[in-house]
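S.K.: Below is work10.txt; it holds compact mmCIF, C-alpha atoms.
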# COMPACT_ATOMS: atom_id res chain seq x y z
CA SER A 1 228.96 131.49 170.67
CA SER A 2 225.39 131.78 171.95
CA PRO A 3 222.85 131.55 169.04
CA THR A 4 219.94 133.24 170.81
CA PRO A 5 217.81 136.26 169.81
CA ALA A 6 218.90 138.08 172.93
CA SER A 7 222.60 137.82 172.11
CA LEU A 8 222.03 138.90 168.51
CA PHE A 9 220.02 141.96 169.53
CA SER A 10 222.62 142.75 172.14
CA GLU A 11 225.27 142.99 169.46
CA LEU A 12 222.98 145.05 167.24
CA GLU A 13 222.21 147.38 170.14
CA LYS A 14 225.90 147.82 170.78
CA ASN A 15 227.23 148.27 167.22
CA LEU A 16 224.32 149.26 164.91
CA PHE A 17 221.41 150.97 166.63
CA PRO A 18 223.41 153.96 167.97
CA ASN A 19 224.20 154.96 164.37
CA ASN A 20 220.59 155.29 163.24
CA LEU A 21 221.10 158.97 162.28
CA VAL A 22 223.98 158.26 159.93
CA PRO A 23 223.50 156.90 156.39
CA PRO A 24 224.81 153.30 156.23
CA VAL A 25 227.80 153.98 153.97
CA LYS A 26 231.52 153.94 154.61
CA SER A 27 232.05 157.21 152.76
CA PHE A 28 229.69 160.12 152.03
CA SER A 29 231.17 160.27 148.55
CA TYR A 30 229.01 157.31 147.55
CA PRO A 31 225.21 157.39 147.53
CA VAL A 32 222.96 154.88 149.24
CA ASN A 33 221.37 152.59 146.67
CA ILE A 34 217.63 152.18 147.35
CA THR A 35 215.98 149.44 145.32
CA ILE A 36 212.24 149.92 144.99
CA SER A 37 209.38 147.83 143.69
CA ILE A 38 205.62 148.19 144.14
CA THR A 39 202.57 145.93 144.16
CA VAL A 40 199.13 147.44 143.51
CA VAL A 41 196.62 145.74 145.80
CA GLY A 42 193.59 147.99 145.32
CA ILE A 43 192.09 150.89 143.37
CA LEU A 44 189.38 153.01 145.00
CA GLY A 45 188.26 155.64 142.51
CA VAL A 46 191.59 157.17 141.54
CA VAL A 47 192.96 156.39 145.01
CA SER A 48 195.42 153.51 144.75
CA VAL A 49 196.39 151.24 147.60
CA HIS A 50 199.79 149.67 146.99
CA SER A 51 202.70 148.22 148.87
CA PRO A 52 206.14 149.61 147.98
CA GLN A 53 209.10 147.40 148.82
CA LEU A 54 212.36 149.20 149.66
CA TYR A 55 215.74 147.46 149.83
CA TRP A 56 219.02 148.99 150.93
CA GLU A 57 222.28 147.70 152.36
CA ILE A 58 224.05 148.57 155.58
CA GLU A 59 227.72 148.36 154.67
CA GLY A 60 229.85 146.30 157.02
CA LEU A 61 226.95 144.46 158.63
CA SER A 62 226.63 140.67 158.39
CA TRP A 63 226.36 137.61 160.58
CA GLU A 64 226.41 133.89 160.19
CA GLU A 65 223.03 132.23 160.26
CA GLU A 66 224.29 129.12 162.02
CA GLU A 67 226.17 130.99 164.73
CA CYS A 68 223.50 133.61 165.43
CA GLY A 69 220.49 131.37 164.94
CA ALA A 70 218.56 133.68 162.57
CA LYS A 71 218.65 134.63 158.94
CA ARG A 72 216.22 137.53 159.24
CA VAL A 73 214.99 139.56 162.20
CA SER A 74 212.47 142.34 162.59
CA VAL A 75 213.72 145.46 164.30
CA PRO A 76 211.94 148.71 165.24
CA ARG A 77 211.93 151.25 162.47
CA GLU A 78 213.29 154.03 164.66
CA LYS A 79 216.39 151.94 165.49
CA LEU A 80 217.67 152.11 161.89
CA TRP A 81 218.40 154.79 159.36
CA VAL A 82 215.38 154.84 157.02
CA PRO A 83 215.34 156.83 153.76
CA ASP A 84 212.71 159.55 153.38
CA ILE A 85 211.10 158.15 150.25
CA HIS A 86 207.96 160.07 149.30
CA ILE A 87 205.49 160.19 146.39
CA ALA A 88 205.44 163.45 144.44
CA GLU A 89 201.78 163.12 143.40
CA PHE A 90 200.59 162.42 146.93
CA ILE A 91 197.82 164.75 148.18
CA GLY A 92 195.62 164.61 151.24
CA GLU A 93 196.33 163.01 154.58
CA ASP A 94 198.25 159.80 155.00
CA GLU A 95 195.72 157.25 156.26
CA SER A 96 198.00 154.27 155.78
CA PRO A 97 198.42 151.87 158.70
CA ARG A 98 201.56 152.42 160.77
CA ILE A 99 204.05 149.56 160.48
CA PRO A 100 206.65 149.95 163.29
CA TYR A 101 209.05 147.24 162.08
CA VAL A 102 211.41 146.54 159.21
CA TYR A 103 213.25 143.34 158.32
CA LEU A 104 217.02 143.07 158.75
CA LYS A 105 218.77 140.18 156.96
CA ASN A 106 222.07 138.51 157.83
CA THR A 107 223.60 139.92 154.63
CA GLY A 108 223.15 143.47 155.92
CA HIS A 109 220.15 144.26 153.69
CA VAL A 110 217.10 146.04 155.07
CA TYR A 111 213.66 145.21 153.69
CA ASP A 112 210.86 147.73 154.25
CA ASP A 113 207.37 146.71 153.13
CA LYS A 114 204.91 149.42 154.18
CA PRO A 115 201.42 149.58 152.62
CA LEU A 116 200.39 153.02 151.40
CA GLN A 117 197.01 154.46 150.55
CA VAL A 118 197.79 157.11 147.97
CA VAL A 119 195.39 159.89 147.01
CA SER A 120 197.22 160.92 143.88
CA SER A 121 196.81 164.06 141.80
CA CYS A 122 196.07 162.24 138.56
CA GLN A 123 195.11 164.44 135.62
CA LEU A 124 191.99 162.81 134.22
CA GLY A 125 191.06 162.84 130.56
CA ILE A 126 187.29 162.33 130.66
CA TYR A 127 186.36 163.30 127.10
CA THR A 128 185.42 159.70 126.24
CA PHE A 129 183.72 159.01 129.60
CA PRO A 130 182.62 156.29 130.47
CA PHE A 131 184.93 154.55 127.98
CA ASP A 132 188.03 156.46 129.12
CA ILE A 133 191.49 155.15 129.92
CA GLN A 134 193.59 157.03 132.49
CA ASN A 135 197.35 157.19 132.87
CA CYS A 136 198.23 157.98 136.49
CA SER A 137 201.84 158.32 137.57
CA LEU A 138 203.48 157.67 140.94
CA THR A 139 206.92 159.25 141.34
CA PHE A 140 209.12 157.92 144.16
CA GLY A 141 212.07 160.01 145.26
CA SER A 142 213.92 161.45 148.25
CA TYR A 143 213.00 164.94 149.37
CA LEU A 144 215.89 165.81 151.66
CA HIS A 145 218.74 163.46 150.78
CA PHE A 146 220.55 164.10 147.52
CA ASP A 147 222.92 161.22 148.27
CA ILE A 148 220.29 158.56 147.53
CA MET A 149 220.25 156.66 144.25
CA MET A 150 216.89 155.12 143.30
CA ILE A 151 217.18 151.76 141.52
CA GLN A 152 214.40 149.88 139.81
CA GLY A 153 213.66 146.50 141.30
CA SER A 154 211.09 144.31 139.56
CA THR A 155 210.26 144.87 135.91
CA SER A 156 206.90 146.29 134.79
CA GLU A 157 205.75 142.86 133.59
CA GLU A 158 206.52 141.28 136.96
CA ILE A 159 204.78 144.09 138.82
CA LEU A 160 201.69 143.81 136.61
CA GLN A 161 201.49 140.05 136.99
CA GLU A 162 201.90 140.19 140.76
CA SER A 163 199.41 143.06 141.11
CA ARG A 164 196.74 141.24 139.11
CA GLY A 165 197.22 138.21 141.35
CA VAL A 166 196.57 140.14 144.58
CA LEU A 167 194.28 142.93 143.29
CA GLN A 168 191.00 142.70 145.16
CA THR A 169 189.51 146.17 145.55
CA ASN A 170 189.35 147.85 142.17
CA GLY A 171 185.89 149.48 142.16
CA GLU A 172 185.03 150.80 138.72
CA TRP A 173 188.63 150.65 137.47
CA GLU A 174 190.58 147.87 135.82
CA LEU A 175 194.37 147.76 135.91
CA THR A 176 195.46 147.15 132.32
CA ASP A 177 199.18 147.96 132.29
CA ILE A 178 202.07 149.32 134.37
CA GLY A 179 205.08 151.24 133.05
CA VAL A 180 208.35 152.12 134.80
CA ALA A 181 210.82 154.91 134.07
CA ASP A 182 213.80 156.16 136.08
CA SER A 183 215.51 159.53 135.83
CA THR A 184 218.40 161.39 137.46
CA LEU A 185 218.47 165.17 137.71
CA ALA A 186 221.92 166.72 138.10
CA LEU A 187 222.03 169.67 140.53
CA GLU A 188 224.80 171.81 141.98
CA ASP A 189 224.86 169.92 145.28
CA GLY A 190 224.58 166.51 143.69
CA SER A 191 222.14 164.38 141.76
CA TYR A 192 218.45 163.84 142.40
CA SER A 193 217.22 160.38 141.50
CA GLU A 194 213.62 159.18 141.18
CA ILE A 195 211.55 156.26 139.88
CA LYS A 196 208.24 156.88 138.15
CA TYR A 197 205.51 154.25 137.76
CA PHE A 198 202.67 154.67 135.28
CA LEU A 199 199.38 152.97 136.15
CA ILE A 200 197.15 152.47 133.10
CA LEU A 201 193.55 152.27 134.35
CA ARG A 202 190.47 151.48 132.27
CA ARG A 203 187.04 152.46 133.56
CA ARG A 204 184.35 149.79 133.65
CA PRO A 205 181.50 151.37 131.61
CA VAL A 206 178.69 148.92 132.44
CA LEU A 207 177.31 150.98 135.33
CA TYR A 208 177.14 154.18 133.30
CA VAL A 209 175.79 152.51 130.17
CA VAL A 210 172.92 150.95 132.16
CA ASN A 211 172.14 154.04 134.25
CA LEU A 212 172.86 156.83 131.74
CA LEU A 213 173.01 155.85 128.10
CA ILE A 214 170.21 153.28 127.88
CA PRO A 215 167.52 155.39 129.68
CA SER A 216 168.50 158.43 127.65
CA CYS A 217 168.26 156.44 124.42
CA PHE A 218 164.81 155.17 125.44
CA LEU A 219 163.53 158.72 125.97
CA ILE A 220 165.05 159.91 122.70
CA THR A 221 163.47 156.98 120.84
CA VAL A 222 160.05 157.77 122.31
CA ASP A 223 160.44 161.41 121.28
CA LEU A 224 161.47 160.24 117.82
CA PHE A 225 158.31 158.16 117.38
CA SER A 226 156.21 161.08 118.57
CA PHE A 227 156.68 162.53 115.08
CA LEU A 228 154.22 159.89 113.89
CA LEU A 229 151.44 161.77 115.70
CA PRO A 230 149.54 164.31 113.55
CA PRO A 231 151.29 167.68 113.86
CA GLN A 232 147.99 169.53 114.13
CA SER A 233 147.01 167.46 117.16
CA VAL A 234 147.26 169.13 120.56
CA ASP A 235 148.20 165.78 122.13
CA ARG A 236 151.53 165.85 120.31
CA SER A 237 152.62 169.07 122.04
CA SER A 238 151.53 167.78 125.45
CA PHE A 239 153.36 164.51 124.85
CA LYS A 240 156.60 166.29 123.95
CA MET A 241 156.37 168.60 126.98
CA THR A 242 155.98 165.56 129.23
CA LEU A 243 159.06 163.97 127.67
CA ILE A 244 161.13 167.13 128.17
CA LEU A 245 160.09 167.28 131.83
CA GLY A 246 160.99 163.61 132.32
CA TYR A 247 164.36 164.04 130.57
CA THR A 248 165.20 167.06 132.73
CA VAL A 249 164.41 165.14 135.93
CA PHE A 250 166.53 162.25 134.62
CA LEU A 251 169.53 164.55 134.08
CA LEU A 252 169.19 166.06 137.55
CA ILE A 253 169.08 162.65 139.20
CA MET A 254 172.04 161.29 137.22
CA ASN A 255 174.16 164.42 137.58
CA ASP A 256 176.13 162.85 140.45
CA LEU A 257 177.32 160.03 138.19
CA LEU A 258 178.99 162.42 135.74
CA PRO A 259 182.63 163.36 136.47
CA ALA A 260 183.17 166.91 137.66
CA THR A 261 186.93 167.09 137.00
CA GLY A 262 188.89 167.27 133.80
CA GLU A 263 190.01 169.79 131.23
CA LYS A 264 187.45 168.79 128.60
CA THR A 265 183.73 168.32 128.80
CA PRO A 266 182.76 164.64 128.52
CA LEU A 267 181.32 163.63 125.18
CA ILE A 268 178.35 162.03 126.92
CA SER A 269 177.47 165.39 128.55
CA VAL A 270 177.46 167.03 125.12
CA PHE A 271 175.21 164.20 123.91
CA PHE A 272 172.75 164.81 126.76
CA SER A 273 172.73 168.57 126.15
CA LEU A 274 172.16 168.20 122.42
CA SER A 275 169.40 165.65 123.04
CA LEU A 276 167.62 168.07 125.36
CA ALA A 277 168.10 170.91 122.88
CA LEU A 278 166.71 168.76 120.08
CA MET A 279 163.67 167.86 122.19
CA VAL A 280 163.01 171.54 122.86
CA THR A 281 163.47 172.33 119.17
CA SER A 282 161.01 169.62 118.18
CA LEU A 283 158.47 171.05 120.66
CA LEU A 284 158.88 174.55 119.24
CA GLU A 285 158.55 173.14 115.73
CA THR A 286 155.35 171.34 116.74
CA VAL A 287 153.94 174.57 118.17
CA LEU A 288 154.82 176.39 114.94
CA ILE A 289 153.27 173.74 112.72
CA THR A 290 150.14 173.60 114.86
CA ASN A 291 149.79 177.37 114.57
CA ILE A 292 150.22 177.17 110.80
CA GLN A 293 147.65 174.39 110.48
CA PHE A 294 145.00 176.24 112.48
CA SER A 295 145.57 179.72 111.07
CA SER A 296 146.40 178.83 107.46
CA SER A 297 142.98 179.98 106.25
CA GLN A 298 143.60 183.44 107.69
CA SER A 299 147.22 183.75 106.65
CA SER A 300 148.48 185.96 103.90
CA ALA A 301 150.29 184.71 100.83
CA VAL A 302 153.53 182.79 101.34
CA PRO A 303 156.65 184.88 100.59
CA HIS A 304 158.20 183.95 97.30
CA TRP A 305 161.64 183.13 98.76
CA LEU A 306 160.11 180.91 101.41
CA SER A 307 157.97 179.12 98.88
CA VAL A 308 160.96 178.50 96.60
CA LEU A 309 163.25 177.39 99.45
CA VAL A 310 160.83 175.04 101.14
CA LEU A 311 158.51 173.80 98.41
CA ARG A 312 161.03 173.56 95.60
CA TYR A 313 164.26 172.48 97.33
CA LEU A 314 163.59 171.21 100.85
CA ALA A 315 160.55 169.24 99.69
CA VAL A 316 162.80 167.29 97.32
CA VAL A 317 165.31 166.65 100.11
CA VAL A 318 162.66 165.16 102.40
CA CYS A 319 161.03 163.26 99.51
CA ILE A 320 157.72 165.13 99.48
CA THR A 321 156.19 165.82 96.07
CA PRO A 322 153.92 168.87 95.93
CA GLU A 323 150.32 168.01 95.08
CA LYS A 324 149.33 168.76 91.52
CA LYS A 325 146.38 171.01 90.90
CA SER A 326 143.22 169.26 89.85
CA ASN A 327 142.12 169.75 86.23
CA ARG A 328 138.49 169.09 87.04
CA VAL A 329 136.14 171.84 85.88
CA THR A 330 132.70 172.21 87.31
CA VAL A 331 130.20 173.12 84.62
CA PHE A 332 126.85 174.59 85.54
CA LEU A 333 124.15 174.10 83.01
CA ASN A 334 121.60 176.87 82.59
CA PRO A 335 118.26 175.20 82.64
CA SER A 336 116.36 178.52 82.54
CA ALA A 337 115.63 178.41 78.87
CA LYS A 338 111.94 178.77 78.36
CA GLY A 339 111.74 176.60 75.32
CA THR A 340 113.10 175.96 71.92
CA VAL A 341 112.27 177.81 68.78
CA SER A 342 109.45 176.14 66.97
CA ASN A 343 109.68 175.20 63.32
CA ASP A 344 106.91 176.72 61.30
CA SER A 345 107.17 173.88 58.86
CA THR A 346 106.52 171.22 61.53
CA LYS A 347 103.91 172.89 63.66
CA PRO A 348 100.62 174.12 62.40
CA PRO A 349 100.25 177.89 62.68
CA SER A 350 97.03 177.50 64.45
CA SER A 351 98.49 175.74 67.62
CA PRO A 352 98.24 177.75 70.91
CA PRO A 353 101.46 179.03 72.68
CA HIS A 354 103.10 176.81 75.44
CA ARG A 355 102.68 178.09 79.02
CA PRO A 356 105.61 177.71 81.58
CA ASP A 357 105.15 175.17 84.36
CA PRO A 358 105.60 176.74 87.89
CA THR A 359 106.88 173.45 89.33
CA LEU A 360 109.60 173.24 86.70
CA ASP A 361 110.77 176.78 87.43
CA GLU A 362 110.97 176.03 91.13
CA LEU A 363 113.11 172.95 90.46
CA ARG A 364 115.45 174.99 88.28
CA ARG A 365 115.93 177.59 91.01
CA LEU A 366 116.58 174.83 93.55
CA SER A 367 119.20 173.32 91.24
CA ARG A 368 121.01 176.66 90.97
CA ASP A 369 121.03 177.04 94.77
CA LEU A 370 122.42 173.53 95.27
CA ALA A 371 125.17 174.19 92.71
CA ALA A 372 126.19 177.38 94.54
CA ILE A 373 126.27 175.54 97.89
CA ARG A 374 128.44 172.79 96.40
CA GLN A 375 130.86 175.33 95.01
CA GLN A 376 131.20 176.99 98.41
CA MET A 377 131.80 173.65 100.12
CA ASP A 378 134.45 172.64 97.58
CA SER A 379 136.30 175.90 98.04
CA HIS A 380 136.07 175.55 101.84
CA PHE A 381 137.52 172.04 101.97
CA GLN A 382 140.12 172.57 99.27
CA GLY A 383 141.22 175.87 100.78
CA THR A 384 142.85 178.75 99.09
CA LYS A 385 146.21 178.54 97.40
CA ALA A 386 147.91 180.39 100.31
CA SER A 387 146.52 178.06 102.96
CA GLN A 388 147.56 175.00 100.96
CA GLU A 389 151.11 176.34 100.64
CA TRP A 390 151.33 177.07 104.35
CA GLN A 391 150.14 173.57 105.19
CA MET A 392 152.67 172.10 102.76
CA ILE A 393 155.45 174.18 104.37
CA GLY A 394 154.47 172.82 107.78
CA THR A 395 154.58 169.25 106.48
CA VAL A 396 158.02 169.75 104.88
CA VAL A 397 159.51 171.34 108.01
CA ASP A 398 158.10 168.53 110.16
CA ARG A 399 159.59 165.88 107.89
CA LEU A 400 162.92 167.74 107.77
CA LEU A 401 163.25 167.86 111.55
CA PHE A 402 162.31 164.19 111.74
CA GLY A 403 165.17 163.36 109.36
CA LEU A 404 167.62 165.55 111.30
CA TYR A 405 166.60 163.78 114.49
CA ILE A 406 167.43 160.40 112.96
CA VAL A 407 170.77 161.66 111.61
CA PHE A 408 171.69 163.11 115.01
CA ILE A 409 170.97 159.85 116.82
CA VAL A 410 172.96 157.77 114.29
CA VAL A 411 175.95 160.14 114.31
CA SER A 412 175.95 160.32 118.12
CA PHE A 413 176.01 156.56 118.54
CA ILE A 414 178.72 156.14 115.90
CA THR A 415 180.85 158.84 117.57
CA ILE A 416 180.51 157.33 121.03
CA ILE A 417 181.22 153.79 119.81
CA THR A 418 184.20 154.95 117.72
CA SER A 419 185.67 156.95 120.60
CA SER A 420 185.31 154.00 122.98
CA THR A 421 186.99 151.57 120.58
CA THR A 422 189.86 153.82 119.46
CA ASP A 423 190.81 154.95 122.96
Could you express the structure from this file as structure tokens?
M.R.:
Amino acid sequence: SSPTPASLFSELEKNLFPNNLVPPVKSFSYPVNITISITVVGILGVVSVHSPQLYWEIEGLSWEEEECGAKRVSVPREKLWVPDIHIAEFIGEDESPRIPYVYLKNTGHVYDDKPLQVVSSCQLGIYTFPFDIQNCSLTFGSYLHFDIMMIQGSTSEEILQESRGVLQTNGEWELTDIGVADSTLALEDGSYSEIKYFLILRRRPVLYVVNLLIPSCFLITVDLFSFLLPPQSVDRSSFKMTLILGYTVFLLIMNDLLPATGEKTPLISVFFSLSLALMVTSLLETVLITNIQFSSSQSSAVPHWLSVLVLRYLAVVVCITPEKKSNRVTVFLNPSAKGTVSNDSTKPPSSPPHRPDPTLDELRRLSRDLAAIRQQMDSHFQGTKASQEWQMIGTVVDRLLFGLYIVFIVVSFITIITSSTTD
């Protein structure tokens, strides 16, 4: 008869609030139906901030809106029976804001909309980091009350559409899909009901591509072009050592960006490790080739198996044709002949004998000395057969590692791109 808030709360205080410890059912044989729906409003790392909406009915409670002057009122949470709905994957402390009120409608339905900040125990699959997609689940159920039946409220499409409309804080993650599944476990004392939501999250890879992949690719490309330097040059070894030092410092600085959790090692970490190992291998190969180039003149003969393996087979693989031996023959003329035999029929017998010219003999000796010097110089510059083979082995090994470097880079990029597109 008096449609005022005071009169309505007076009736609630008299007939409803004293029964806040009793489930709102007429008989304990029937469970309390709890309708649940969620709205994801933020994603911080793998910490999700969402707002679950709980609906349940207090049997026997209703009032007329016209007579009581209200269709919905807010009442203190401790004045009503509230189900103990919890999240199975919840870890850490509850830092959610405390909401002391719930809504009570004139139809006897209770509406509880409490925001939750959930630190969930999501099992991350980081093999394809930073192009990974995670599937995190949130399981809602009652821990103490087996007489509660969980009922799905909004569909997954409605939840996804509403969440995308209000999602503001998502950090590096993008909400791509939401799935819902309900299950009921039959126990001796009754049934245990729960609702499970699956949040499909895709990582935004731009930050990691700019800060990790692109600088690493730049350093690998510079190390690749360092093969164009002469292998016998000392500057090539110094250049590669500087690159290795810079790459190591880069990995130490960017170590905080790599994920530390997960069952598998990220593919990008394997890529970084193999890149560093390949840089070290190229440096060792440069040191070996430099040693061969400088000590080839003092080296012994090349082992037969090594000569066959490298010069006959690997040289063909890296498209290096062994140099053919020169067919040029140096002929030394002997100009020391003292003269030709005279013909008695052409010369008179009375002519005097020819005397040797000292200047001509000196020129002949000088010619012999110059020929010997030239032969020594040719043998010095052409080198021995062993030194030439060692130098050729160094060239083949250098070309082979250069080709392996290119193959590694191409295969790595194809693997990363394929993994990112398929997953």
S.K.: Report as a VMD selection string all protein, DNA and RNA residues lying within 12 Å of Phe218 in chain A, evaluated on only C-alpha atoms, omitting residues in the same chain fewer than 5 positions from it.
M.R.: chain A and resid 210 to 213 223 to 225 243 246 to 247 250 275 409
S.K.: Which residues are near range 116-130 of chain A? Cut-off 6 Å, only C-alpha atoms, ignore same chain within fewer than 6 positions. Put them as number ranges by chain.
M.R.: A: 47-51, 89-91, 96, 136, 205, 262, 264-267
S.K.: By how many Å are CA of Phe198 in chain A and CA of Gly171 in chain A apart?
M.R.: 18.9 Å
S.K.: What is the CA of Thr415 in chain A to CA of Leu400 in chain A distance in Å?
M.R.: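 Taking CA of Thr415 in chain A as the start and CA of Leu400 in chain A as the end point, the length is 22.3 Å.
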S.K.: Just the number, please: distance in Å from CA of Glu78 in chain A to CA of Ile38 in chain A, one decimal.
M.R.: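 Distance between the two atoms: 22.7 Å.
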S.K.: Between A:Asp398, A:Glu162, A:Glu57, A:Asp147, single out the one closest to Ile289 in chain A, counting all atoms listed in the file.
M.R.: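 Ranking A:Asp398, A:Glu162, A:Glu57, A:Asp147 by distance to Ile289 in chain A, first place goes to A:Asp398.
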S.K.: Using all atoms listed in the file, which residue out of A:Leu401, A:Val73, A:Val302, A:Val249 lies closest to Gln388 in chain A?
M.R.: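 Closest to Gln388 in chain A, using all atoms listed in the file: A:Val302.
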S.K.: Counting only C-alpha atoms, figure out which residue out of A:Leu274, A:Val206, A:Leu360, A:Val40 gets nearest to Ser163 in chain A.
M.R.: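 The shortest atom-to-atom distance to Ser163 in chain A comes from A:Val40.
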S.K.: So, counting all atoms listed in the file, which residue among A:Glu194, A:Glu389, A:Glu362, A:Glu263 is closest to Ile36 in chain A?
M.R.: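 Result for the nearest residue to Ile36 in chain A: A:Glu194.
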S.K.: Please determine, counting all atoms listed in the file, which residue among A:Trp81, A:Trp173, A:Trp305, A:Tyr208 has the shortest atom-to-atom distance to Val22 in chain A.
M.R.: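 Once distances to Val22 in chain A are computed over all atoms listed in the file, the minimum belongs to A:Trp81.
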S.K.: Determine, counting only C-alpha atoms, which protein, DNA and RNA residues have an atom within 9 Å of an atom of Thr155 in chain A; residues of the same chain fewer than 2 positions away are not included. Present the result as number ranges by chain.
M.R.: A: 37, 152-153, 157-160, 179-180
S.K.: From the list A:Leu167, A:Val209, A:Met241, A:Ala70, which residue is nearest Leu257 in chain A when using all atoms listed in the file?
M.R.: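 Checking each of A:Leu167, A:Val209, A:Met241, A:Ala70 against Leu257 in chain A, counting all atoms listed in the file, the winner is A:Val209.
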